[in-house]
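Student: Dropping a structure here in structure tokens format, bear with me for questions.
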Amino acid sequence: MARYRIELPPIIAPGAWYPSRAFASGMDVARHEFQAPGFHDLFGAKAAEYELHWVYRPLLRFTTPVWLIEQGANVWRKAHDTGTWTIESRAGWVRGTLKDFGLVHAGSCRSLTAWLQRACEMTAARKIRIWHPQCRVDGASGCVFEGEW
């Protein structure tokens, strides 16, 4: 990993806390090494399927994207020590705004957008579309993710 200037401990412990920058760099390395078009989108979708495994899937079928995104905002701090979510919603629409996250990385935003898309597809809603209209990479004050169904 030295050639990519990523510093990690010699043993990677499952469930341990690692800097978001190391995670983003790891995604960049994988994208480069595998030469996979759409890597961040694919990674985000597969991560949602992995993280929302068979235990949660039956429950998700009785929820909405709003419920899912609100719950995700509540557990954000379990995985990140920076960033605050604000959620707005109305029937068939949701907007989540992430401010003060310690990482500005386009690939991470693409991955998160794909994660949200795939996770929301597991709810009771149909014809879901998630997009990312504002990004800190482009100078916005926060990253905005919107969805409709």
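By order in the structure tokens, chains are A, B, ...; within a chain, residues start at 1; ligands start at 1, following the order shown.
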Determine, counting only C-alpha atoms, which protein, DNA and RNA residues have an atom within 6 Å of an atom of range 142-144 of chain A; residues of the same chain fewer than 6 positions away are not included. Present the result as a list in words.
Tutor: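 My reading of the contact set: Gly96, Thr97, Leu98, Lys99, His132, Gln134, Cys135 and Arg136 of chain A.
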Student: Could you save those same residues with N, CA and C atoms as an mmCIF file, in the first residue's frame?
Tutor:
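Result file is part-v5.cif:
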```
data_model
loop_
_atom_site.group_PDB
_atom_site.id
_atom_site.type_symbol
_atom_site.label_atom_id
_atom_site.label_comp_id
_atom_site.auth_asym_id
_atom_site.auth_seq_id
_atom_site.Cartn_x
_atom_site.Cartn_y
_atom_site.Cartn_z
ATOM 1 N N GLY A 96 -31.692 14.407 1.926
ATOM 2 C CA GLY A 96 -30.745 14.313 3.029
ATOM 3 C C GLY A 96 -29.557 15.210 2.723
ATOM 4 N N THR A 97 -29.207 16.056 3.681
ATOM 5 C CA THR A 97 -28.059 16.948 3.517
ATOM 6 C C THR A 97 -27.008 16.582 4.553
ATOM 7 N N LEU A 98 -25.809 16.301 4.067
ATOM 8 C CA LEU A 98 -24.682 15.945 4.926
ATOM 9 C C LEU A 98 -23.735 17.136 4.990
ATOM 10 N N LYS A 99 -23.569 17.679 6.195
ATOM 11 C CA LYS A 99 -22.672 18.826 6.393
ATOM 12 C C LYS A 99 -21.551 18.445 7.352
ATOM 13 N N HIS A 132 -27.743 13.190 -6.652
ATOM 14 C CA HIS A 132 -26.845 13.973 -5.794
ATOM 15 C C HIS A 132 -26.623 15.354 -6.430
ATOM 16 N N GLN A 134 -26.037 18.445 -5.206
ATOM 17 C CA GLN A 134 -25.033 19.366 -4.672
ATOM 18 C C GLN A 134 -23.952 18.570 -3.970
ATOM 19 N N CYS A 135 -22.693 18.942 -4.244
ATOM 20 C CA CYS A 135 -21.572 18.193 -3.675
ATOM 21 C C CYS A 135 -20.486 19.155 -3.205
ATOM 22 N N ARG A 136 -19.866 18.827 -2.103
ATOM 23 C CA ARG A 136 -18.765 19.639 -1.600
ATOM 24 C C ARG A 136 -17.579 19.608 -2.555
#
```
Student: Quick one: everything within 12 Å of range 81-86 of chain A, counting only C-alpha atoms, minus sequence neighbours fewer than 6 positions away in the same chain. Send it as a VMD selection string.
Tutor: chain A and resid 17 to 21 66 69 to 75 94 to 104 141 to 146
Student: How many Å lie between CA of His80 in chain A and CA of Ala125 in chain A, rounded to one decimal?
Tutor: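 Separation of CA of His80 in chain A and CA of Ala125 in chain A: 27.8 Å.
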Student: List the neighbours of range 53-58 of chain A out to 10 Å using only C-alpha atoms; skip same-chain residues closer than 5 positions along the sequence, and give me the result as a ChimeraX atom specification.
Tutor: /A:47-48,63,119,122-123
Student: Enter the distance from CA of Leu60 in chain A to CA of Ile128 in chain A, in Å, rounded to one decimal.
Tutor: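 CA of Ile128 in chain A lies 14.3 Å from CA of Leu60 in chain A.
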Student: Near Thr113 in chain A, counting only C-alpha atoms, which residues have an atom at most 9 Å away, once you skip same-chain residues fewer than 6 positions from it, shown as a list of chain:residue names?
Tutor: A:Asp41, A:Gly44, A:Ala45, A:Ile130, A:Trp131, A:His132, A:Phe145
Student: Keeping only N, CA and C atoms, write the selected residues as a CSV table (one decimal), in the first residue's frame.
Tutor:
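Once everything was written out, this is out.csv:
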```csv
chain,number,residue,atom,x,y,z
A,41,ASP,N,-20.1,3.2,-8.2
A,41,ASP,CA,-21.5,2.9,-8.2
A,41,ASP,C,-21.8,1.4,-7.9
A,44,GLY,N,-21.0,0.8,-4.1
A,44,GLY,CA,-22.1,1.3,-3.2
A,44,GLY,C,-23.3,0.4,-3.2
A,45,ALA,N,-23.7,-0.1,-4.4
A,45,ALA,CA,-24.9,-1.0,-4.5
A,45,ALA,C,-24.6,-2.3,-3.8
A,130,ILE,N,-32.6,8.1,-7.0
A,130,ILE,CA,-31.8,8.9,-6.1
A,130,ILE,C,-30.8,9.7,-6.9
A,131,TRP,N,-30.6,10.9,-6.5
A,131,TRP,CA,-29.6,11.7,-7.2
A,131,TRP,C,-28.8,12.6,-6.2
A,132,HIS,N,-27.7,13.2,-6.7
A,132,HIS,CA,-26.8,14.0,-5.8
A,132,HIS,C,-26.6,15.4,-6.4
A,145,PHE,N,-28.4,14.8,-1.1
A,145,PHE,CA,-28.9,13.6,-1.8
A,145,PHE,C,-30.4,13.6,-1.8
```
Student: Could you pull out the strand (DSSP E or B) residues of range 11-92 of chain A from DSSP and send them as a PyMOL selection string?
Tutor: chain A and resi 84-90
Student: Include N, CA and C atoms and write out the residues we just selected as a PDB file, in the first residue's frame.
Tutor:
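To be explicit, this is the file written out as out19.pdb:
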```pdb
ATOM      1  N   THR A  84     -22.926  15.684   9.885  1.00  0.00           N
ATOM      2  CA  THR A  84     -24.264  15.734  10.476  1.00  0.00           C
ATOM      3  C   THR A  84     -25.292  15.739   9.356  1.00  0.00           C
ATOM      4  N   TRP A  85     -26.305  14.887   9.489  1.00  0.00           N
ATOM      5  CA  TRP A  85     -27.370  14.782   8.489  1.00  0.00           C
ATOM      6  C   TRP A  85     -28.587  15.594   8.906  1.00  0.00           C
ATOM      7  N   THR A  86     -29.202  16.246   7.933  1.00  0.00           N
ATOM      8  CA  THR A  86     -30.503  16.879   8.086  1.00  0.00           C
ATOM      9  C   THR A  86     -31.411  16.242   7.039  1.00  0.00           C
ATOM     10  N   ILE A  87     -32.577  15.785   7.471  1.00  0.00           N
ATOM     11  CA  ILE A  87     -33.507  15.090   6.579  1.00  0.00           C
ATOM     12  C   ILE A  87     -34.778  15.915   6.430  1.00  0.00           C
ATOM     13  N   GLU A  88     -35.215  16.102   5.188  1.00  0.00           N
ATOM     14  CA  GLU A  88     -36.492  16.735   4.875  1.00  0.00           C
ATOM     15  C   GLU A  88     -37.277  15.734   4.044  1.00  0.00           C
ATOM     16  N   SER A  89     -38.603  15.726   4.223  1.00  0.00           N
ATOM     17  CA  SER A  89     -39.391  14.785   3.424  1.00  0.00           C
ATOM     18  C   SER A  89     -40.826  15.256   3.275  1.00  0.00           C
ATOM     19  N   ARG A  90     -41.446  14.713   2.243  1.00  0.00           N
ATOM     20  CA  ARG A  90     -42.880  14.833   2.013  1.00  0.00           C
ATOM     21  C   ARG A  90     -43.268  13.572   1.250  1.00  0.00           C
TER      22      ARG A  90
END
```
Student: Would you please work out which residue, of A:His40, A:His32, A:Ala79, A:Leu68, is nearest to Ala16 in chain A when using only C-alpha atoms?
Tutor: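 Using only C-alpha atoms, the shortest distance to Ala16 in chain A belongs to A:Ala79.
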